[in-house]
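Student: Input structure: protein-v2.cif, which contains mmCIF, C-alpha atoms.
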```cif
data_protein
loop_
_atom_site.group_PDB
_atom_site.id
_atom_site.type_symbol
_atom_site.label_atom_id
_atom_site.label_comp_id
_atom_site.auth_asym_id
_atom_site.auth_seq_id
_atom_site.Cartn_x
_atom_site.Cartn_y
_atom_site.Cartn_z
ATOM 1 C CA HIS A 1 14.486 -8.065 -15.221
ATOM 2 C CA GLY A 2 11.538 -8.268 -17.513
ATOM 3 C CA PHE A 3 7.873 -8.838 -18.062
ATOM 4 C CA PHE A 4 6.946 -12.024 -19.876
ATOM 5 C CA THR A 5 3.880 -12.561 -22.026
ATOM 6 C CA ARG A 6 2.077 -15.757 -22.996
ATOM 7 C CA GLN A 7 4.501 -16.286 -25.902
ATOM 8 C CA GLY A 8 7.249 -18.900 -26.037
ATOM 9 C CA GLY A 9 5.880 -21.631 -23.788
ATOM 10 C CA VAL A 10 5.278 -25.347 -24.199
ATOM 11 C CA SER A 11 1.926 -25.607 -22.406
ATOM 12 C CA GLY A 12 -1.025 -26.817 -24.440
ATOM 13 C CA GLY A 13 -4.807 -26.837 -24.328
ATOM 14 C CA ILE A 14 -6.390 -24.092 -22.264
ATOM 15 C CA TYR A 15 -2.906 -23.305 -20.917
ATOM 16 C CA ALA A 16 -1.331 -22.849 -24.374
ATOM 17 C CA SER A 17 1.220 -20.271 -23.269
ATOM 18 C CA LEU A 18 4.326 -19.651 -21.209
ATOM 19 C CA ASN A 19 2.425 -20.712 -18.071
ATOM 20 C CA VAL A 20 4.744 -20.630 -15.050
ATOM 21 C CA GLY A 21 2.027 -21.072 -12.408
ATOM 22 C CA LEU A 22 2.781 -24.094 -10.244
ATOM 23 C CA GLY A 23 -0.704 -23.827 -8.723
ATOM 24 C CA SER A 24 -2.475 -24.288 -12.051
ATOM 25 C CA ASP A 25 -3.879 -27.578 -13.333
ATOM 26 C CA ASP A 26 -1.428 -27.450 -16.242
ATOM 27 C CA THR A 27 0.931 -30.387 -16.748
ATOM 28 C CA ARG A 28 3.701 -29.989 -14.141
ATOM 29 C CA ALA A 29 6.410 -30.944 -16.645
ATOM 30 C CA ASP A 30 5.208 -28.171 -18.993
ATOM 31 C CA VAL A 31 5.149 -25.595 -16.187
ATOM 32 C CA LEU A 32 8.665 -26.591 -15.105
ATOM 33 C CA GLU A 33 9.915 -26.291 -18.695
ATOM 34 C CA ASN A 34 8.293 -22.851 -18.997
ATOM 35 C CA ARG A 35 9.891 -21.776 -15.731
ATOM 36 C CA ALA A 36 13.272 -23.040 -16.954
ATOM 37 C CA ARG A 37 12.854 -20.966 -20.134
ATOM 38 C CA VAL A 38 12.137 -17.826 -18.100
ATOM 39 C CA ALA A 39 15.121 -18.493 -15.818
ATOM 40 C CA GLN A 40 17.392 -19.090 -18.826
ATOM 41 C CA THR A 41 16.232 -15.862 -20.500
ATOM 42 C CA LEU A 42 17.123 -13.990 -17.293
ATOM 43 C CA ASN A 43 20.455 -15.845 -16.951
ATOM 44 C CA ALA A 44 19.206 -17.197 -13.616
ATOM 45 C CA THR A 45 19.673 -20.558 -11.947
ATOM 46 C CA ALA A 46 15.985 -20.773 -10.971
ATOM 47 C CA LEU A 47 12.707 -18.879 -10.959
ATOM 48 C CA VAL A 48 10.847 -18.581 -7.661
ATOM 49 C CA THR A 49 7.227 -17.472 -7.432
ATOM 50 C CA ALA A 50 4.746 -17.721 -4.578
ATOM 51 C CA HIS A 51 1.136 -18.771 -4.175
ATOM 52 C CA GLN A 52 -0.535 -15.355 -4.285
ATOM 53 C CA SER A 53 -3.775 -14.470 -2.483
ATOM 54 C CA HIS A 54 -4.125 -10.665 -2.820
ATOM 55 C CA SER A 55 -2.417 -10.141 0.549
ATOM 56 C CA ALA A 56 0.233 -7.718 1.778
ATOM 57 C CA VAL A 57 2.612 -10.542 2.750
ATOM 58 C CA THR A 58 6.251 -10.384 1.619
ATOM 59 C CA ALA A 59 8.683 -13.297 2.001
ATOM 60 C CA PHE A 60 12.472 -12.950 2.071
ATOM 61 C CA ILE A 61 14.139 -15.911 0.358
ATOM 62 C CA ASP A 62 17.731 -16.974 -0.168
ATOM 63 C CA GLY A 63 17.252 -19.904 -2.536
ATOM 64 C CA PRO A 64 14.808 -21.859 -4.673
ATOM 65 C CA GLN A 65 11.707 -23.106 -2.891
ATOM 66 C CA GLU A 66 8.093 -24.005 -3.524
ATOM 67 C CA GLY A 67 4.957 -23.588 -1.459
ATOM 68 C CA LEU A 68 5.509 -19.988 -0.407
ATOM 69 C CA GLN A 69 2.325 -18.145 0.589
ATOM 70 C CA ALA A 70 2.996 -14.496 -0.222
ATOM 71 C CA ASP A 71 2.243 -11.762 -2.724
ATOM 72 C CA ALA A 72 5.807 -10.472 -2.865
ATOM 73 C CA LEU A 73 9.298 -11.889 -2.708
ATOM 74 C CA VAL A 74 12.625 -10.266 -1.823
ATOM 75 C CA THR A 75 16.096 -11.732 -2.280
ATOM 76 C CA ARG A 76 19.756 -10.818 -2.396
ATOM 77 C CA THR A 77 20.865 -14.156 -3.857
ATOM 78 C CA PRO A 78 22.762 -13.577 -7.120
ATOM 79 C CA GLY A 79 21.415 -15.643 -10.007
ATOM 80 C CA LEU A 80 18.029 -16.276 -8.409
ATOM 81 C CA ALA A 81 15.066 -14.912 -10.369
ATOM 82 C CA ILE A 82 11.953 -13.983 -8.412
ATOM 83 C CA GLY A 83 8.618 -13.306 -10.009
ATOM 84 C CA ALA A 84 5.058 -12.171 -9.494
ATOM 85 C CA LEU A 85 2.288 -13.663 -11.609
ATOM 86 C CA ALA A 86 -0.333 -11.269 -12.891
ATOM 87 C CA ALA A 87 -3.235 -11.141 -15.308
ATOM 88 C CA ASP A 88 -5.251 -7.992 -14.562
ATOM 89 C CA CYS A 89 -3.287 -7.155 -11.415
ATOM 90 C CA ALA A 90 -0.088 -5.119 -11.526
ATOM 91 C CA PRO A 91 3.332 -6.699 -11.144
ATOM 92 C CA ILE A 92 5.883 -4.473 -9.405
ATOM 93 C CA LEU A 93 9.648 -4.921 -9.689
ATOM 94 C CA LEU A 94 11.901 -3.217 -7.144
ATOM 95 C CA ALA A 95 15.677 -2.977 -6.709
ATOM 96 C CA ASP A 96 18.300 -1.384 -4.519
ATOM 97 C CA VAL A 97 21.379 -1.974 -6.649
ATOM 98 C CA GLU A 98 23.813 -0.739 -3.990
ATOM 99 C CA ALA A 99 22.415 -3.131 -1.368
ATOM 100 C CA GLY A 100 22.093 -5.976 -3.892
ATOM 101 C CA LEU A 101 18.409 -6.537 -3.112
ATOM 102 C CA ILE A 102 15.507 -7.111 -5.467
ATOM 103 C CA GLY A 103 11.780 -7.491 -4.949
ATOM 104 C CA ALA A 104 8.823 -8.638 -7.042
ATOM 105 C CA ALA A 105 5.209 -8.056 -6.013
ATOM 106 C CA HIS A 106 1.710 -8.892 -7.198
ATOM 107 C CA SER A 107 -0.521 -5.880 -6.607
ATOM 108 C CA GLY A 108 -4.183 -5.769 -7.422
ATOM 109 C CA TRP A 109 -6.417 -3.153 -5.853
ATOM 110 C CA ARG A 110 -6.646 -5.223 -2.641
ATOM 111 C CA GLY A 111 -2.877 -5.622 -2.311
ATOM 112 C CA ALA A 112 -2.304 -1.928 -3.024
ATOM 113 C CA PHE A 113 -5.066 -0.986 -0.597
ATOM 114 C CA ASP A 114 -3.541 -3.203 2.113
ATOM 115 C CA GLY A 115 0.050 -2.038 1.518
ATOM 116 C CA ILE A 116 1.897 -4.671 -0.519
ATOM 117 C CA ALA A 117 4.338 -2.095 -1.958
ATOM 118 C CA GLN A 118 5.113 -0.792 1.534
ATOM 119 C CA SER A 119 5.556 -4.375 2.743
ATOM 120 C CA VAL A 120 8.172 -5.066 0.065
ATOM 121 C CA VAL A 121 10.052 -1.840 0.810
ATOM 122 C CA GLU A 122 10.030 -2.580 4.560
ATOM 123 C CA THR A 123 11.332 -6.109 3.962
ATOM 124 C CA MET A 124 14.055 -4.796 1.674
ATOM 125 C CA CYS A 125 15.049 -2.188 4.300
ATOM 126 C CA GLN A 126 15.161 -4.862 7.022
ATOM 127 C CA HIS A 127 17.791 -6.601 4.913
ATOM 128 C CA GLY A 128 19.964 -3.566 4.216
ATOM 129 C CA ALA A 129 18.254 -1.559 1.472
ATOM 130 C CA ARG A 130 17.886 2.181 1.811
ATOM 131 C CA ARG A 131 14.433 3.511 0.998
ATOM 132 C CA GLU A 132 15.809 6.401 -1.073
ATOM 133 C CA GLN A 133 17.903 3.972 -3.169
ATOM 134 C CA ILE A 134 15.022 1.678 -4.131
ATOM 135 C CA LYS A 135 13.854 1.964 -7.720
ATOM 136 C CA ALA A 136 10.502 0.481 -8.753
ATOM 137 C CA VAL A 137 8.506 -0.082 -11.906
ATOM 138 C CA VAL A 138 4.872 -1.114 -12.356
ATOM 139 C CA GLY A 139 4.329 -3.627 -15.131
ATOM 140 C CA PRO A 140 1.490 -4.253 -17.549
ATOM 141 C CA CYS A 141 -1.952 -4.570 -15.988
ATOM 142 C CA ILE A 142 -5.613 -3.769 -16.540
ATOM 143 C CA SER A 143 -6.233 -0.275 -17.865
ATOM 144 C CA GLN A 144 -8.693 2.251 -16.529
ATOM 145 C CA ALA A 145 -10.805 1.896 -19.690
ATOM 146 C CA ALA A 146 -11.408 -1.788 -18.858
ATOM 147 C CA TYR A 147 -11.791 -1.628 -15.057
ATOM 148 C CA GLU A 148 -15.421 -0.826 -14.233
ATOM 149 C CA VAL A 149 -16.425 -0.753 -10.559
ATOM 150 C CA GLY A 150 -19.581 -0.088 -8.589
ATOM 151 C CA PRO A 151 -20.303 2.398 -5.807
ATOM 152 C CA GLU A 152 -19.350 -0.082 -3.053
ATOM 153 C CA PHE A 153 -15.811 -0.188 -4.460
ATOM 154 C CA ILE A 154 -15.459 3.602 -4.347
ATOM 155 C CA ALA A 155 -16.858 3.649 -0.802
ATOM 156 C CA ARG A 156 -13.823 1.629 0.355
ATOM 157 C CA PHE A 157 -11.570 4.452 -0.841
ATOM 158 C CA GLU A 158 -13.521 7.335 0.673
ATOM 159 C CA THR A 159 -12.110 6.861 4.169
ATOM 160 C CA GLN A 160 -8.636 5.363 3.752
ATOM 161 C CA PHE A 161 -7.665 6.745 0.324
ATOM 162 C CA ALA A 162 -9.731 9.917 -0.084
ATOM 163 C CA ASP A 163 -6.809 11.588 -1.876
ATOM 164 C CA ASP A 164 -7.073 8.918 -4.573
ATOM 165 C CA LEU A 165 -10.696 9.501 -5.534
ATOM 166 C CA ASP A 166 -9.396 11.285 -8.640
ATOM 167 C CA LEU A 167 -8.528 7.818 -9.967
ATOM 168 C CA PHE A 168 -12.204 7.184 -10.709
ATOM 169 C CA ILE A 169 -14.016 8.537 -13.756
ATOM 170 C CA ALA A 170 -17.683 8.060 -14.584
ATOM 171 C CA SER A 171 -18.505 5.033 -16.705
ATOM 172 C CA PRO A 172 -19.911 6.010 -20.076
ATOM 173 C CA ASP A 173 -22.075 2.867 -20.098
ATOM 174 C CA LYS A 174 -23.560 2.466 -16.619
ATOM 175 C CA PRO A 175 -24.861 5.141 -14.277
ATOM 176 C CA GLU A 176 -23.468 4.858 -10.728
ATOM 177 C CA HIS A 177 -20.431 2.947 -12.041
ATOM 178 C CA HIS A 178 -16.919 4.270 -12.505
ATOM 179 C CA LEU A 179 -13.689 3.305 -14.224
ATOM 180 C CA PHE A 180 -10.735 2.791 -11.866
ATOM 181 C CA ASP A 181 -7.091 3.559 -12.696
ATOM 182 C CA LEU A 182 -5.245 0.656 -11.040
ATOM 183 C CA PRO A 183 -1.818 1.418 -12.591
ATOM 184 C CA ARG A 184 -1.788 4.940 -11.167
ATOM 185 C CA PHE A 185 -3.035 3.730 -7.768
ATOM 186 C CA VAL A 186 -0.263 1.135 -7.568
ATOM 187 C CA THR A 187 2.309 3.688 -8.756
ATOM 188 C CA ARG A 188 1.248 6.077 -5.993
ATOM 189 C CA GLN A 189 1.735 3.371 -3.407
#
```
Turn the structure described in the file into structure tokens.
Tutor:
Amino acid sequence: HGFFTRQGGVSGGIYASLNVGLGSDDTRADVLENRARVAQTLNATALVTAHQSHSAVTAFIDGPQEGLQADALVTRTPGLAIGALAADCAPILLADVEAGLIGAAHSGWRGAFDGIAQSVVETMCQHGARREQIKAVVGPCISQAAYEVGPEFIARFETQFADDLDLFIASPDKPEHHLFDLPRFVTRQ
């Protein structure tokens, strides 16, 4: 498992990085080479990612495929790497080693709010994982210091996630605005 940065890719121009996004306008051959480099680093036969849309949809897969519409993937296929693409959003990696199941999720505030972490856990449990055996880690994402939100954002939390209002602190720059702690919100989920 791992979290990859922009380093080590073959993409050029505005995509000069280790771009593995098949939905980007990057040169397909460059994206495929970048994906092969990630798979090789993980000692995997292939890397599978999905077209993400800030949903709570999890797909169970048993082999390489393209065109998946989901924000999380689960597999038990040895040698298959699954991934979640993230910029500001939080990637989540999950595993039940005893059951031989892994999951990877893309979780921004919308996905966390709508239950993407729960969706991955449920999918893993449907395929033999035990909830108490699942380990998870939240990867690099936007920090609270950089995530400024307005009052309408906080209002969404007041009814469904009132216990999480402590994740907002007043913005030092703008009255009525707050800074949101996405990593802690995702971790709580």
Student: Residues at most 10 Å from A:Ala155, counting only C-alpha atoms, excluding those fewer than 6 positions away in the same chain, as a ChimeraX atom specification?
Tutor: /A:161-162,165
Student: Can you translate the PyMOL selection byres ((chain A and resi 69) around 6) into the concrete residues it hits in this file, as a PyMOL selection string?
Tutor: chain A and resi 50-51+68+70
Student: Between A:Gly13, A:Asp166, A:Arg110, A:Gly103, which residue has the minimum interatomic distance to A:Val48, considering only C-alpha atoms?
Tutor: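 Looking at the shortest contact to A:Val48, the residue is A:Gly103.
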Student: Quick one: contact table of stretch 17-122 of chain A to stretch 135-147 of chain A, 8 Å max, nearest atom pair and distance in Å to one decimal per residue, counting only C-alpha atoms, chain and number order, as CSV?
Tutor:
```
residue,atom,partner,partner_atom,distance
A:Ala86,CA,A:Cys141,CA,7.6
A:Ala87,CA,A:Cys141,CA,6.7
A:Asp88,CA,A:Ile142,CA,4.7
A:Cys89,CA,A:Cys141,CA,5.4
A:Ala90,CA,A:Cys141,CA,4.9
A:Pro91,CA,A:Gly139,CA,5.1
A:Ile92,CA,A:Val138,CA,4.6
A:Leu93,CA,A:Val137,CA,5.4
A:Leu94,CA,A:Ala136,CA,4.3
A:Ala95,CA,A:Lys135,CA,5.4
A:Asp96,CA,A:Lys135,CA,6.4
```
Student: Let me know the residues the PyMOL selection byres ((chain A and resi 111) around 9) catches in the file above, as a PDB file with C-alpha atoms, in the frame of the given file.
Tutor:
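Saved the output as part.pdb:
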```pdb
ATOM      1  CA  SER A  53      -3.775 -14.470  -2.483  1.00  0.00           C
ATOM      2  CA  HIS A  54      -4.125 -10.665  -2.820  1.00  0.00           C
ATOM      3  CA  SER A  55      -2.417 -10.141   0.549  1.00  0.00           C
ATOM      4  CA  ALA A  56       0.233  -7.718   1.778  1.00  0.00           C
ATOM      5  CA  VAL A  57       2.612 -10.542   2.750  1.00  0.00           C
ATOM      6  CA  ASP A  71       2.243 -11.762  -2.724  1.00  0.00           C
ATOM      7  CA  HIS A 106       1.710  -8.892  -7.198  1.00  0.00           C
ATOM      8  CA  SER A 107      -0.521  -5.880  -6.607  1.00  0.00           C
ATOM      9  CA  GLY A 108      -4.183  -5.769  -7.422  1.00  0.00           C
ATOM     10  CA  TRP A 109      -6.417  -3.153  -5.853  1.00  0.00           C
ATOM     11  CA  ARG A 110      -6.646  -5.223  -2.641  1.00  0.00           C
ATOM     12  CA  ALA A 112      -2.304  -1.928  -3.024  1.00  0.00           C
ATOM     13  CA  PHE A 113      -5.066  -0.986  -0.597  1.00  0.00           C
ATOM     14  CA  ASP A 114      -3.541  -3.203   2.113  1.00  0.00           C
ATOM     15  CA  GLY A 115       0.050  -2.038   1.518  1.00  0.00           C
ATOM     16  CA  ILE A 116       1.897  -4.671  -0.519  1.00  0.00           C
ATOM     17  CA  ALA A 117       4.338  -2.095  -1.958  1.00  0.00           C
ATOM     18  CA  VAL A 186      -0.263   1.135  -7.568  1.00  0.00           C
TER      19      VAL A 186
END
```
Student: What would stretch 26-49 of chain A look like with N, CA, C and O atoms restored, written as a CSV table (one decimal), keeping the file's coordinate frame?
Tutor:
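In the end it all went to out-v9.csv:
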```
chain,number,residue,atom,x,y,z
A,26,ASP,N,-2.3,-27.1,-15.1
A,26,ASP,CA,-1.4,-27.4,-16.2
A,26,ASP,C,-0.5,-28.6,-15.9
A,26,ASP,O,-0.3,-29.0,-14.7
A,27,THR,N,0.0,-29.3,-16.9
A,27,THR,CA,0.9,-30.4,-16.7
A,27,THR,C,2.2,-29.9,-16.1
A,27,THR,O,2.8,-28.9,-16.5
A,28,ARG,N,2.6,-30.5,-14.9
A,28,ARG,CA,3.7,-30.0,-14.1
A,28,ARG,C,5.0,-29.9,-15.0
A,28,ARG,O,5.7,-29.0,-14.9
A,29,ALA,N,5.2,-30.9,-15.8
A,29,ALA,CA,6.4,-30.9,-16.6
A,29,ALA,C,6.4,-29.7,-17.6
A,29,ALA,O,7.5,-29.1,-17.8
A,30,ASP,N,5.3,-29.3,-18.1
A,30,ASP,CA,5.2,-28.2,-19.0
A,30,ASP,C,5.5,-26.9,-18.2
A,30,ASP,O,6.2,-26.0,-18.7
A,31,VAL,N,4.9,-26.8,-17.0
A,31,VAL,CA,5.1,-25.6,-16.2
A,31,VAL,C,6.6,-25.5,-15.8
A,31,VAL,O,7.2,-24.4,-15.9
A,32,LEU,N,7.2,-26.6,-15.5
A,32,LEU,CA,8.7,-26.6,-15.1
A,32,LEU,C,9.5,-26.2,-16.3
A,32,LEU,O,10.5,-25.5,-16.2
A,33,GLU,N,9.2,-26.7,-17.5
A,33,GLU,CA,9.9,-26.3,-18.7
A,33,GLU,C,9.7,-24.8,-19.0
A,33,GLU,O,10.7,-24.1,-19.3
A,34,ASN,N,8.5,-24.3,-18.8
A,34,ASN,CA,8.3,-22.9,-19.0
A,34,ASN,C,9.1,-22.0,-18.0
A,34,ASN,O,9.7,-21.0,-18.4
A,35,ARG,N,9.1,-22.5,-16.8
A,35,ARG,CA,9.9,-21.8,-15.7
A,35,ARG,C,11.4,-21.8,-16.1
A,35,ARG,O,12.1,-20.8,-15.9
A,36,ALA,N,11.9,-22.9,-16.6
A,36,ALA,CA,13.3,-23.0,-17.0
A,36,ALA,C,13.6,-22.1,-18.1
A,36,ALA,O,14.7,-21.5,-18.1
A,37,ARG,N,12.6,-21.9,-19.0
A,37,ARG,CA,12.9,-21.0,-20.1
A,37,ARG,C,12.9,-19.5,-19.6
A,37,ARG,O,13.8,-18.7,-20.1
A,38,VAL,N,12.1,-19.2,-18.7
A,38,VAL,CA,12.1,-17.8,-18.1
A,38,VAL,C,13.5,-17.6,-17.4
A,38,VAL,O,14.1,-16.6,-17.6
A,39,ALA,N,13.9,-18.6,-16.6
A,39,ALA,CA,15.1,-18.5,-15.8
A,39,ALA,C,16.3,-18.4,-16.8
A,39,ALA,O,17.2,-17.5,-16.6
A,40,GLN,N,16.3,-19.1,-17.9
A,40,GLN,CA,17.4,-19.1,-18.8
A,40,GLN,C,17.4,-17.7,-19.5
A,40,GLN,O,18.5,-17.1,-19.7
A,41,THR,N,16.3,-17.2,-19.9
A,41,THR,CA,16.2,-15.9,-20.5
A,41,THR,C,16.8,-14.8,-19.6
A,41,THR,O,17.5,-13.8,-20.0
A,42,LEU,N,16.6,-14.9,-18.3
A,42,LEU,CA,17.1,-14.0,-17.3
A,42,LEU,C,18.5,-14.3,-16.8
A,42,LEU,O,19.0,-13.7,-15.9
A,43,ASN,N,19.1,-15.4,-17.4
A,43,ASN,CA,20.5,-15.8,-17.0
A,43,ASN,C,20.4,-16.2,-15.5
A,43,ASN,O,21.4,-15.9,-14.7
A,44,ALA,N,19.4,-16.8,-15.0
A,44,ALA,CA,19.2,-17.2,-13.6
A,44,ALA,C,19.3,-18.7,-13.4
A,44,ALA,O,19.1,-19.5,-14.4
A,45,THR,N,19.6,-19.1,-12.2
A,45,THR,CA,19.7,-20.6,-11.9
A,45,THR,C,18.3,-21.1,-11.7
A,45,THR,O,18.1,-22.3,-11.9
A,46,ALA,N,17.3,-20.3,-11.3
A,46,ALA,CA,16.0,-20.8,-11.0
A,46,ALA,C,15.0,-19.6,-10.9
A,46,ALA,O,15.5,-18.4,-10.7
A,47,LEU,N,13.8,-19.9,-11.1
A,47,LEU,CA,12.7,-18.9,-11.0
A,47,LEU,C,11.9,-19.3,-9.8
A,47,LEU,O,11.4,-20.4,-9.7
A,48,VAL,N,11.7,-18.3,-8.8
A,48,VAL,CA,10.8,-18.6,-7.7
A,48,VAL,C,9.6,-17.7,-7.7
A,48,VAL,O,9.8,-16.4,-7.9
A,49,THR,N,8.5,-18.2,-7.6
A,49,THR,CA,7.2,-17.5,-7.4
A,49,THR,C,6.5,-18.0,-6.2
A,49,THR,O,6.8,-19.1,-5.7
```
